[in-house]
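A.B. asks: So I've got this file, input.pdb, and it contains PDB, C-alpha atoms and all ligand atoms:
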ATOM      1  CA  MET A   1      18.055  32.216 -36.150
ATOM      2  CA  ASN A   2      16.176  32.271 -32.889
ATOM      3  CA  LEU A   3      18.380  32.166 -29.823
ATOM      4  CA  ALA A   4      15.591  32.734 -27.344
ATOM      5  CA  ASN A   5      15.689  29.188 -26.027
ATOM      6  CA  LEU A   6      19.424  28.950 -25.778
ATOM      7  CA  SER A   7      19.891  30.936 -22.607
ATOM      8  CA  GLU A   8      22.458  29.531 -20.241
ATOM      9  CA  PRO A   9      21.065  27.301 -17.535
ATOM     10  CA  SER A  10      21.253  29.405 -14.407
ATOM     11  CA  PRO A  11      23.473  27.969 -11.701
ATOM     12  CA  ALA A  12      21.487  26.500  -8.864
ATOM     13  CA  THR A  13      21.103  29.209  -6.301
ATOM     14  CA  PRO A  14      21.503  27.895  -2.778
ATOM     15  CA  GLN A  15      18.290  28.216  -0.839
ATOM     16  CA  CYS A  16      17.529  28.882   2.794
ATOM     17  CA  SER A  17      17.402  25.730   4.948
ATOM     18  CA  ALA A  18      14.428  26.935   6.984
ATOM     19  CA  LYS A  19      11.383  24.748   6.558
ATOM     20  CA  GLY A  20       9.169  25.976   3.763
ATOM     21  CA  CYS A  21      11.461  28.853   2.857
ATOM     22  CA  ARG A  22      12.645  29.094  -0.726
ATOM     23  CA  ALA A  23      14.490  32.362  -0.427
ATOM     24  CA  ASP A  24      18.035  32.641  -1.670
ATOM     25  CA  ALA A  25      20.553  31.867   1.016
ATOM     26  CA  VAL A  26      22.709  34.739   2.193
ATOM     27  CA  TRP A  27      24.268  33.187   5.278
ATOM     28  CA  VAL A  28      26.030  29.958   6.081
ATOM     29  CA  LEU A  29      25.654  28.568   9.576
ATOM     30  CA  ALA A  30      28.440  26.151  10.379
ATOM     31  CA  TRP A  31      27.656  23.764  13.182
ATOM     32  CA  ASN A  32      28.813  20.600  14.850
ATOM     33  CA  ASN A  33      27.000  18.101  17.008
ATOM     34  CA  PRO A  34      29.676  16.662  19.296
ATOM     35  CA  LYS A  35      27.604  13.511  19.792
ATOM     36  CA  LEU A  36      27.636  12.771  16.079
ATOM     37  CA  HIS A  37      30.609  14.567  14.615
ATOM     38  CA  THR A  38      34.310  14.814  15.243
ATOM     39  CA  PRO A  39      35.260  18.256  16.586
ATOM     40  CA  ASP A  40      36.644  19.562  13.322
ATOM     41  CA  ARG A  41      33.673  18.436  11.249
ATOM     42  CA  ARG A  42      31.329  21.182  10.073
ATOM     43  CA  LYS A  43      27.771  20.716   8.979
ATOM     44  CA  THR A  44      26.240  23.680   7.244
ATOM     45  CA  TRP A  45      22.819  25.202   7.056
ATOM     46  CA  LEU A  46      21.937  27.994   4.714
ATOM     47  CA  ALA A  47      19.842  30.925   5.752
ATOM     48  CA  CYS A  48      18.218  33.942   4.173
ATOM     49  CA  GLU A  49      18.301  37.266   6.009
ATOM     50  CA  GLU A  50      14.951  36.529   7.585
ATOM     51  CA  HIS A  51      15.842  33.117   9.032
ATOM     52  CA  ARG A  52      19.444  33.648  10.068
ATOM     53  CA  GLU A  53      18.407  34.621  13.570
ATOM     54  CA  HIS A  54      15.939  31.766  13.981
ATOM     55  CA  LEU A  55      18.293  29.074  12.724
ATOM     56  CA  SER A  56      21.250  30.490  14.663
ATOM     57  CA  GLN A  57      19.200  30.397  17.817
ATOM     58  CA  PHE A  58      18.085  26.829  17.173
ATOM     59  CA  LEU A  59      21.688  25.682  16.897
ATOM     60  CA  GLY A  60      22.968  28.067  19.530
ATOM     61  CA  VAL A  61      20.782  26.829  22.366
ATOM     62  CA  ARG A  62      22.022  23.306  21.705
ATOM     63  CA  GLY A  63      25.618  24.451  21.719
ATOM     64  CA  PHE A  64      26.096  23.330  18.114
ATOM     65  CA  LEU A  65      26.669  26.652  16.402
ATOM     66  CA  LYS A  66      30.281  27.331  15.475
ATOM     67  CA  ASP A  67      30.237  30.056  12.880
ATOM     68  CA  VAL A  68      27.968  32.318  10.887
ATOM     69  CA  VAL A  69      29.417  33.778   7.729
ATOM     70  CA  ARG A  70      28.090  35.273   4.547
ATOM     71  CA  LEU A  71      27.673  32.744   1.762
ATOM     72  CA  ALA A  72      29.973  34.709  -0.539
ATOM     73  CA  GLU A  73      32.666  34.660   2.101
ATOM     74  CA  TRP A  74      32.120  30.985   2.911
ATOM     75  CA  GLU A  75      32.621  29.992  -0.706
ATOM     76  CA  THR A  76      36.050  31.597  -0.720
ATOM     77  CA  ARG A  77      37.149  29.379   2.143
ATOM     78  CA  PRO A  78      39.323  26.562   0.840
ATOM     79  CA  GLU A  79      37.958  24.023   3.289
ATOM     80  CA  ALA A  80      34.287  24.622   2.480
ATOM     81  CA  ASP A  81      32.473  21.502   1.422
TER
HETATM   82 ZN    ZN B   1      14.535  31.682   4.918
END
For the structure just supplied, provide its representation as structure tokens.

C.D. replies:
Amino acid sequence: MNLANLSEPSPATPQCSAKGCRADAVWVLAWNNPKLHTPDRRKTWLACEEHREHLSQFLGVRGFLKDVVRLAEWETRPEAD
């Protein structure tokens, strides 16, 4: 019996949100645009090691950035969505 084609489907690995980047996400950037979102709302971007700085800066200069945490840590947060 050949089991070669019965490998488990791999879970979708979250990818970096940077344009054109397909690297695995390592960081979660939580942000909020006060013009669009209520204060406790959190939008999230994902970032690889390479783009964390760039994406953080993009959100930071606009005053949107609230939190930067590792993806593994983010997923343990009960309120993550
Ligand atoms: Zn990236």

A.B. asks: Could you state the separation of atom CA of Arg52 of chain A and atom CA of Leu29 of chain A in Å, given to one decimal place?

C.D. replies: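 Distance between the two atoms: 8.0 Å.
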
A.B. asks: Which residues come within 12 Å of Trp27 of chain A, counting all atoms listed in the file, excluding same-chain residues fewer than 6 positions away, as an MDAnalysis selection string?

C.D. replies: chainID A and resid 14:18 44:53 55:56 67:75

A.B. asks: For Asp40 of chain A, which residue among A:Ala12, A:Lys19, A:Thr76, A:Lys66 is the nearest when counting all atoms listed in the file?

C.D. replies: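 Among the listed residues, the smallest separation from Asp40 of chain A belongs to A:Lys66.
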
A.B. asks: Quick one, how far is atom CA of Cys21 of chain A from atom CA of Lys43 of chain A?

C.D. replies: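 Rounded to one decimal, the two atoms are 19.2 Å apart.
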
A.B. asks: Pick out the closest residue to ligand ZN 1 (chain B) from this set: A:Leu59, A:His54, A:Arg42, A:Trp31. Count all atoms listed in the file.

C.D. replies: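 Going through A:Leu59, A:His54, A:Arg42, A:Trp31 one by one, the smallest distance to ligand ZN 1 (chain B) is for A:His54.
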
A.B. asks: Under the PyMOL selection byres (((chain A and resi 64) around 8) and not hetatm), which residues of this model are included? Write them out as a PyMOL selection string.

C.D. replies: chain A and resi 31-34+59-63+65-66

A.B. asks: Could you please take those selected residues and save C-alpha atoms as a compact mmCIF listing (two decimals), keeping the file's coordinate frame?

C.D. replies:
# COMPACT_ATOMS: atom_id res chain seq x y z
CA TRP A 31 27.66 23.76 13.18
CA ASN A 32 28.81 20.60 14.85
CA ASN A 33 27.00 18.10 17.01
CA PRO A 34 29.68 16.66 19.30
CA LEU A 59 21.69 25.68 16.90
CA GLY A 60 22.97 28.07 19.53
CA VAL A 61 20.78 26.83 22.37
CA ARG A 62 22.02 23.31 21.70
CA GLY A 63 25.62 24.45 21.72
CA LEU A 65 26.67 26.65 16.40
CA LYS A 66 30.28 27.33 15.48

A.B. asks: Provide the atom CA of Leu36 of chain A to atom CA of Gln57 of chain A distance in Å, to one decimal place.

C.D. replies: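 Computed distance, atom CA of Leu36 of chain A to atom CA of Gln57 of chain A, equals 19.6 Å.
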
A.B. asks: Using all atoms of segment 35-53 of chain A listed in the file and a margin of 5 Å per side, can you give the axis-aligned box centre and edge lengths in Å to one decimal, as AutoDock Vina command-line options?

C.D. replies:
--center_x 25.8 --center_y 25.0 --center_z 12.0 --size_x 31.7 --size_y 34.5 --size_z 25.6
